[in-house]
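Chemist: Please find structure-v3.pdb (PDB, C-alpha atoms, pLDDT in the B column) on the next line:
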```pdb
ATOM      1  CA  MET U   1       0.000   0.000   0.000  1.00 69.00           C
ATOM      2  CA  ASP U   2       1.052   3.576  -0.555  1.00 86.00           C
ATOM      3  CA  TYR U   3       0.831   5.703   2.582  1.00 96.00           C
ATOM      4  CA  LYS U   4       1.633   9.351   3.292  1.00 97.00           C
ATOM      5  CA  ILE U   5       4.258   8.199   5.788  1.00 97.00           C
ATOM      6  CA  ASN U   6       6.569   5.421   4.618  1.00 95.00           C
ATOM      7  CA  LYS U   7       9.552   4.088   6.535  1.00 96.00           C
ATOM      8  CA  THR U   8      11.610   0.938   6.344  1.00 96.00           C
ATOM      9  CA  GLU U   9      10.808  -1.713   8.918  1.00 96.00           C
ATOM     10  CA  ALA U  10      14.223  -1.058  10.482  1.00 97.00           C
ATOM     11  CA  GLU U  11      13.307   2.623  10.892  1.00 98.00           C
ATOM     12  CA  TRP U  12       9.934   1.703  12.432  1.00 98.00           C
ATOM     13  CA  LYS U  13      11.586  -0.750  14.832  1.00 97.00           C
ATOM     14  CA  THR U  14      14.095   1.873  15.991  1.00 98.00           C
ATOM     15  CA  GLN U  15      11.348   4.476  16.450  1.00 98.00           C
ATOM     16  CA  LEU U  16       8.759   2.248  18.131  1.00 98.00           C
ATOM     17  CA  GLY U  17      10.770  -0.163  20.253  1.00 98.00           C
ATOM     18  CA  SER U  18      10.094  -3.896  20.361  1.00 97.00           C
ATOM     19  CA  GLU U  19       6.695  -3.945  22.149  1.00 97.00           C
ATOM     20  CA  ARG U  20       5.022  -1.304  19.998  1.00 98.00           C
ATOM     21  CA  TYR U  21       6.689  -2.633  16.844  1.00 98.00           C
ATOM     22  CA  LYS U  22       5.169  -6.076  17.461  1.00 98.00           C
ATOM     23  CA  ILE U  23       1.650  -4.569  17.690  1.00 98.00           C
ATOM     24  CA  LEU U  24       1.805  -1.780  15.120  1.00 98.00           C
ATOM     25  CA  ARG U  25       3.951  -3.349  12.398  1.00 98.00           C
ATOM     26  CA  GLU U  26       3.671  -7.117  12.971  1.00 98.00           C
ATOM     27  CA  LYS U  27      -0.082  -7.090  13.727  1.00 97.00           C
ATOM     28  CA  GLY U  28       0.289  -8.362  17.265  1.00 96.00           C
ATOM     29  CA  THR U  29      -2.239  -8.140  20.095  1.00 96.00           C
ATOM     30  CA  GLU U  30      -1.585  -7.081  23.656  1.00 97.00           C
ATOM     31  CA  PHE U  31      -2.987  -9.144  26.509  1.00 97.00           C
ATOM     32  CA  PRO U  32      -6.560  -8.178  27.467  1.00 97.00           C
ATOM     33  CA  HIS U  33      -6.924  -5.776  30.411  1.00 97.00           C
ATOM     34  CA  SER U  34      -3.202  -4.915  30.213  1.00 96.00           C
ATOM     35  CA  GLY U  35      -3.307  -1.660  28.243  1.00 97.00           C
ATOM     36  CA  LYS U  36      -3.183   1.766  29.838  1.00 97.00           C
ATOM     37  CA  TYR U  37      -6.088   3.085  27.743  1.00 98.00           C
ATOM     38  CA  ASN U  38      -8.527   0.226  28.387  1.00 97.00           C
ATOM     39  CA  LEU U  39     -10.339   2.066  31.189  1.00 96.00           C
ATOM     40  CA  HIS U  40      -9.130   5.563  30.315  1.00 97.00           C
ATOM     41  CA  PHE U  41     -11.977   8.057  29.800  1.00 97.00           C
ATOM     42  CA  GLU U  42     -10.379  11.509  29.771  1.00 97.00           C
ATOM     43  CA  LYS U  43     -11.444  14.078  27.146  1.00 98.00           C
ATOM     44  CA  GLY U  44      -9.135  14.319  24.176  1.00 98.00           C
ATOM     45  CA  THR U  45      -8.001  12.540  21.034  1.00 98.00           C
ATOM     46  CA  TYR U  46      -6.402   9.144  20.498  1.00 98.00           C
ATOM     47  CA  VAL U  47      -3.664   9.316  17.869  1.00 98.00           C
ATOM     48  CA  CYS U  48      -1.660   6.694  16.004  1.00 98.00           C
ATOM     49  CA  GLY U  49       1.195   5.433  18.157  1.00 98.00           C
ATOM     50  CA  ALA U  50       3.456   5.292  15.100  1.00 98.00           C
ATOM     51  CA  CYS U  51       2.806   8.549  13.229  1.00 98.00           C
ATOM     52  CA  GLY U  52       0.679  10.709  15.563  1.00 98.00           C
ATOM     53  CA  GLU U  53      -2.292  11.038  13.200  1.00 98.00           C
ATOM     54  CA  PRO U  54      -5.627  11.611  15.040  1.00 98.00           C
ATOM     55  CA  LEU U  55      -7.797   8.453  14.865  1.00 98.00           C
ATOM     56  CA  PHE U  56     -10.505   8.500  17.558  1.00 98.00           C
ATOM     57  CA  GLU U  57     -12.168  11.213  19.657  1.00 98.00           C
ATOM     58  CA  SER U  58     -12.761  10.467  23.334  1.00 98.00           C
ATOM     59  CA  ASN U  59     -16.533  10.966  22.961  1.00 98.00           C
ATOM     60  CA  SER U  60     -16.619   7.799  20.835  1.00 98.00           C
ATOM     61  CA  LYS U  61     -14.962   5.667  23.548  1.00 98.00           C
ATOM     62  CA  PHE U  62     -16.942   3.288  25.745  1.00 97.00           C
ATOM     63  CA  ASP U  63     -16.286   0.365  28.073  1.00 96.00           C
ATOM     64  CA  GLY U  64     -16.662  -2.625  25.771  1.00 95.00           C
ATOM     65  CA  HIS U  65     -15.934  -5.087  28.629  1.00 95.00           C
ATOM     66  CA  CYS U  66     -13.556  -6.874  26.251  1.00 95.00           C
ATOM     67  CA  GLY U  67     -10.199  -5.906  27.773  1.00 96.00           C
ATOM     68  CA  TRP U  68      -9.157  -3.444  25.063  1.00 98.00           C
ATOM     69  CA  PRO U  69     -10.047   0.180  24.411  1.00 98.00           C
ATOM     70  CA  SER U  70     -13.355   0.325  22.500  1.00 98.00           C
ATOM     71  CA  PHE U  71     -14.701   3.063  20.248  1.00 98.00           C
ATOM     72  CA  ASP U  72     -17.954   3.240  18.288  1.00 98.00           C
ATOM     73  CA  GLU U  73     -16.534   5.285  15.404  1.00 98.00           C
ATOM     74  CA  SER U  74     -13.278   6.622  14.047  1.00 98.00           C
ATOM     75  CA  ILE U  75     -12.483  10.076  12.747  1.00 98.00           C
ATOM     76  CA  PRO U  76     -13.671   9.959   9.099  1.00 98.00           C
ATOM     77  CA  GLY U  77     -10.937   9.010   6.633  1.00 98.00           C
ATOM     78  CA  LYS U  78      -8.341   8.186   9.299  1.00 98.00           C
ATOM     79  CA  VAL U  79      -8.780   4.402   9.484  1.00 98.00           C
ATOM     80  CA  GLU U  80      -8.314   1.821   6.731  1.00 98.00           C
ATOM     81  CA  TYR U  81     -10.272  -1.450   6.737  1.00 98.00           C
ATOM     82  CA  LEU U  82      -8.914  -4.808   5.536  1.00 97.00           C
ATOM     83  CA  ARG U  83     -10.442  -8.286   5.504  1.00 97.00           C
ATOM     84  CA  ASP U  84      -8.570 -10.518   7.951  1.00 96.00           C
ATOM     85  CA  THR U  85      -8.951 -14.296   7.715  1.00 94.00           C
ATOM     86  CA  THR U  86      -6.174 -15.274  10.133  1.00 91.00           C
ATOM     87  CA  HIS U  87      -6.729 -17.634  13.078  1.00 89.00           C
ATOM     88  CA  GLY U  88      -9.677 -19.339  11.334  1.00 92.00           C
ATOM     89  CA  MET U  89     -11.906 -16.256  11.651  1.00 91.00           C
ATOM     90  CA  ILE U  90     -13.252 -13.605   9.317  1.00 95.00           C
ATOM     91  CA  ARG U  91     -12.689 -10.179  10.833  1.00 96.00           C
ATOM     92  CA  THR U  92     -12.072  -6.618   9.731  1.00 98.00           C
ATOM     93  CA  GLU U  93      -8.625  -5.336  10.597  1.00 98.00           C
ATOM     94  CA  ILE U  94      -8.194  -1.623  11.185  1.00 98.00           C
ATOM     95  CA  LEU U  95      -5.049   0.270  10.230  1.00 98.00           C
ATOM     96  CA  CYS U  96      -3.916   3.872  10.351  1.00 98.00           C
ATOM     97  CA  ALA U  97      -4.718   5.300   6.919  1.00 98.00           C
ATOM     98  CA  THR U  98      -1.657   7.572   7.123  1.00 98.00           C
ATOM     99  CA  CYS U  99       1.100   5.039   7.858  1.00 98.00           C
ATOM    100  CA  GLY U 100      -0.539   1.590   7.580  1.00 98.00           C
ATOM    101  CA  SER U 101       0.106   0.585  11.180  1.00 98.00           C
ATOM    102  CA  HIS U 102      -2.101  -2.093  12.754  1.00 98.00           C
ATOM    103  CA  LEU U 103      -4.564  -0.794  15.353  1.00 98.00           C
ATOM    104  CA  GLY U 104      -6.820  -3.790  16.037  1.00 98.00           C
ATOM    105  CA  HIS U 105     -10.175  -4.911  14.602  1.00 98.00           C
ATOM    106  CA  VAL U 106     -13.699  -3.571  14.226  1.00 98.00           C
ATOM    107  CA  PHE U 107     -16.783  -5.661  14.985  1.00 97.00           C
ATOM    108  CA  ASN U 108     -20.508  -5.187  14.355  1.00 96.00           C
ATOM    109  CA  ASP U 109     -21.504  -5.919  17.957  1.00 95.00           C
ATOM    110  CA  GLY U 110     -21.218  -2.485  19.557  1.00 94.00           C
ATOM    111  CA  PRO U 111     -23.876  -1.427  22.086  1.00 94.00           C
ATOM    112  CA  THR U 112     -24.170   2.183  20.852  1.00 94.00           C
ATOM    113  CA  LYS U 113     -26.224   3.623  17.991  1.00 95.00           C
ATOM    114  CA  THR U 114     -23.425   2.952  15.456  1.00 97.00           C
ATOM    115  CA  GLY U 115     -23.432  -0.775  16.237  1.00 97.00           C
ATOM    116  CA  GLN U 116     -19.650  -0.735  15.842  1.00 97.00           C
ATOM    117  CA  ARG U 117     -16.948  -1.746  18.312  1.00 98.00           C
ATOM    118  CA  TYR U 118     -13.461  -0.707  17.291  1.00 98.00           C
ATOM    119  CA  CYS U 119     -11.302  -2.942  19.468  1.00 98.00           C
ATOM    120  CA  VAL U 120      -7.935  -1.171  19.669  1.00 98.00           C
ATOM    121  CA  ASN U 121      -4.617  -2.097  21.251  1.00 98.00           C
ATOM    122  CA  SER U 122      -3.503   0.511  23.806  1.00 98.00           C
ATOM    123  CA  LEU U 123       0.044   0.201  22.464  1.00 98.00           C
ATOM    124  CA  SER U 124      -1.161   1.242  19.013  1.00 98.00           C
ATOM    125  CA  VAL U 125      -2.330   4.672  20.176  1.00 98.00           C
ATOM    126  CA  ASP U 126      -1.273   7.671  22.225  1.00 98.00           C
ATOM    127  CA  PHE U 127      -3.598  10.145  23.935  1.00 98.00           C
ATOM    128  CA  LYS U 128      -3.596  13.924  23.507  1.00 98.00           C
ATOM    129  CA  ASP U 129      -5.767  16.113  25.724  1.00 94.00           C
TER     130      ASP U 129
END
```
Show this structure as structure tokens.
Modeler:
Amino acid sequence: MDYKINKTEAEWKTQLGSERYKILREKGTEFPHSGKYNLHFEKGTYVCGACGEPLFESNSKFDGHCGWPSFDESIPGKVEYLRDTTHGMIRTEILCATCGSHLGHVFNDGPTKTGQRYCVNSLSVDFKD
């Protein structure tokens, strides 16, 4: 894919460190209930942990009781959606549309009016108030 921000994997690894690199660039998943933003409900914006692009506003965050930060919508045009058939499942992977970094997955089981639950790794985002 062609993204606005392109770096070599070596550059990403140096910038992100091993934990974040595993999530953002190798499509890893952090352990449930381990992320610092799981139960974080301050007002502000969640940005890509790799490139800093705004992805989610705090008013779209809710407690999804799943162990990962949950949002019911993204900022329009900031998230890319890809079919993911790994692990014997059919899911929709979400990536930063600016740099292509893995954020998590989106599901159609959200409890809010959008019906969406963006299940995001805490290590894939930063928070700006």
Chemist: What does the PyMOL selection byres ((chain U and resi 4) around 8) select in this file, as a PyMOL selection string?
Modeler: chain U and resi 2-3+5-6+98-99
Chemist: Selection in question (the file shown): the PyMOL selection byres ((chain U and resi 25) around 10). Which residues does it include, as a list in words?
Modeler: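 With the PyMOL selection byres ((chain U and resi 25) around 10) on this model, the match is Glu9, Trp12, Lys13, Leu16, Arg20, Tyr21, Lys22, Ile23, Leu24, Glu26, Lys27, Gly28, Ala50, Leu95, Cys99, Gly100, Ser101, His102, Leu103 and Ser124 of chain U.
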Chemist: Could you check how far atom CA of U:Arg117 sits from atom CA of U:Pro69, in Å to one decimal?
Modeler: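 Separation of atom CA of U:Arg117 and atom CA of U:Pro69: 9.4 Å.
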Chemist: What is the atom CA of U:Cys119-atom CA of U:Phe41 distance in Å, reported with one decimal?
Modeler: 15.1 Å
Chemist: Specify as a ChimeraX atom specification each residue included when the PyMOL selection byres ((chain U and resi 68) around 10) is applied to this file.
Modeler: /U:29-39,63-67,69-71,104,118-122
Chemist: Working from the structure I just supplied, which lacks atoms in stretch 22-36 of chain U, can you model N, CA, C and O atoms there and output them as a PDB file, in the coordinates of the input?
Modeler:
```pdb
ATOM      1  N   LYS U  22       5.892  -4.804  17.598  1.00 98.00           N
ATOM      2  CA  LYS U  22       5.169  -6.076  17.461  1.00 98.00           C
ATOM      3  C   LYS U  22       3.680  -5.837  17.190  1.00 98.00           C
ATOM      4  O   LYS U  22       3.069  -6.521  16.366  1.00 98.00           O
ATOM      5  N   ILE U  23       3.078  -4.862  17.867  1.00 98.00           N
ATOM      6  CA  ILE U  23       1.650  -4.569  17.690  1.00 98.00           C
ATOM      7  C   ILE U  23       1.411  -3.817  16.384  1.00 98.00           C
ATOM      8  O   ILE U  23       0.629  -4.241  15.531  1.00 98.00           O
ATOM      9  N   LEU U  24       2.083  -2.689  16.228  1.00 98.00           N
ATOM     10  CA  LEU U  24       1.805  -1.780  15.120  1.00 98.00           C
ATOM     11  C   LEU U  24       2.264  -2.286  13.756  1.00 98.00           C
ATOM     12  O   LEU U  24       1.595  -2.049  12.751  1.00 98.00           O
ATOM     13  N   ARG U  25       3.392  -2.962  13.697  1.00 98.00           N
ATOM     14  CA  ARG U  25       3.951  -3.349  12.398  1.00 98.00           C
ATOM     15  C   ARG U  25       3.846  -4.843  12.118  1.00 98.00           C
ATOM     16  O   ARG U  25       3.820  -5.256  10.968  1.00 98.00           O
ATOM     17  N   GLU U  26       3.771  -5.671  13.172  1.00 98.00           N
ATOM     18  CA  GLU U  26       3.671  -7.117  12.971  1.00 98.00           C
ATOM     19  C   GLU U  26       2.279  -7.646  13.293  1.00 98.00           C
ATOM     20  O   GLU U  26       2.081  -8.843  13.393  1.00 98.00           O
ATOM     21  N   LYS U  27       1.325  -6.749  13.503  1.00 97.00           N
ATOM     22  CA  LYS U  27      -0.082  -7.090  13.727  1.00 97.00           C
ATOM     23  C   LYS U  27      -0.302  -7.947  14.969  1.00 97.00           C
ATOM     24  O   LYS U  27      -1.124  -8.851  15.003  1.00 97.00           O
ATOM     25  N   GLY U  28       0.434  -7.642  16.013  1.00 96.00           N
ATOM     26  CA  GLY U  28       0.289  -8.362  17.265  1.00 96.00           C
ATOM     27  C   GLY U  28      -0.908  -7.867  18.058  1.00 96.00           C
ATOM     28  O   GLY U  28      -1.599  -6.923  17.667  1.00 96.00           O
ATOM     29  N   THR U  29      -1.144  -8.519  19.191  1.00 96.00           N
ATOM     30  CA  THR U  29      -2.239  -8.140  20.095  1.00 96.00           C
ATOM     31  C   THR U  29      -1.716  -8.166  21.518  1.00 96.00           C
ATOM     32  O   THR U  29      -1.072  -9.129  21.925  1.00 96.00           O
ATOM     33  N   GLU U  30      -1.992  -7.094  22.257  1.00 97.00           N
ATOM     34  CA  GLU U  30      -1.585  -7.081  23.656  1.00 97.00           C
ATOM     35  C   GLU U  30      -2.552  -7.937  24.476  1.00 97.00           C
ATOM     36  O   GLU U  30      -3.676  -8.220  24.037  1.00 97.00           O
ATOM     37  N   PHE U  31      -2.122  -8.356  25.644  1.00 97.00           N
ATOM     38  CA  PHE U  31      -2.987  -9.144  26.509  1.00 97.00           C
ATOM     39  C   PHE U  31      -4.191  -8.313  26.943  1.00 97.00           C
ATOM     40  O   PHE U  31      -4.076  -7.117  27.196  1.00 97.00           O
ATOM     41  N   PRO U  32      -5.379  -8.924  27.031  1.00 97.00           N
ATOM     42  CA  PRO U  32      -6.560  -8.178  27.467  1.00 97.00           C
ATOM     43  C   PRO U  32      -6.364  -7.620  28.875  1.00 97.00           C
ATOM     44  O   PRO U  32      -5.677  -8.224  29.702  1.00 97.00           O
ATOM     45  N   HIS U  33      -6.950  -6.467  29.118  1.00 97.00           N
ATOM     46  CA  HIS U  33      -6.924  -5.776  30.411  1.00 97.00           C
ATOM     47  C   HIS U  33      -5.525  -5.320  30.819  1.00 97.00           C
ATOM     48  O   HIS U  33      -5.306  -4.979  31.976  1.00 97.00           O
ATOM     49  N   SER U  34      -4.572  -5.308  29.877  1.00 96.00           N
ATOM     50  CA  SER U  34      -3.202  -4.915  30.213  1.00 96.00           C
ATOM     51  C   SER U  34      -2.859  -3.503  29.731  1.00 96.00           C
ATOM     52  O   SER U  34      -1.878  -2.931  30.193  1.00 96.00           O
ATOM     53  N   GLY U  35      -3.643  -2.938  28.841  1.00 97.00           N
ATOM     54  CA  GLY U  35      -3.307  -1.660  28.243  1.00 97.00           C
ATOM     55  C   GLY U  35      -3.719  -0.463  29.073  1.00 97.00           C
ATOM     56  O   GLY U  35      -4.759  -0.466  29.735  1.00 97.00           O
ATOM     57  N   LYS U  36      -2.916   0.596  29.007  1.00 97.00           N
ATOM     58  CA  LYS U  36      -3.183   1.766  29.838  1.00 97.00           C
ATOM     59  C   LYS U  36      -4.408   2.551  29.401  1.00 97.00           C
ATOM     60  O   LYS U  36      -4.929   3.341  30.176  1.00 97.00           O
TER      61      LYS U  36
END
```
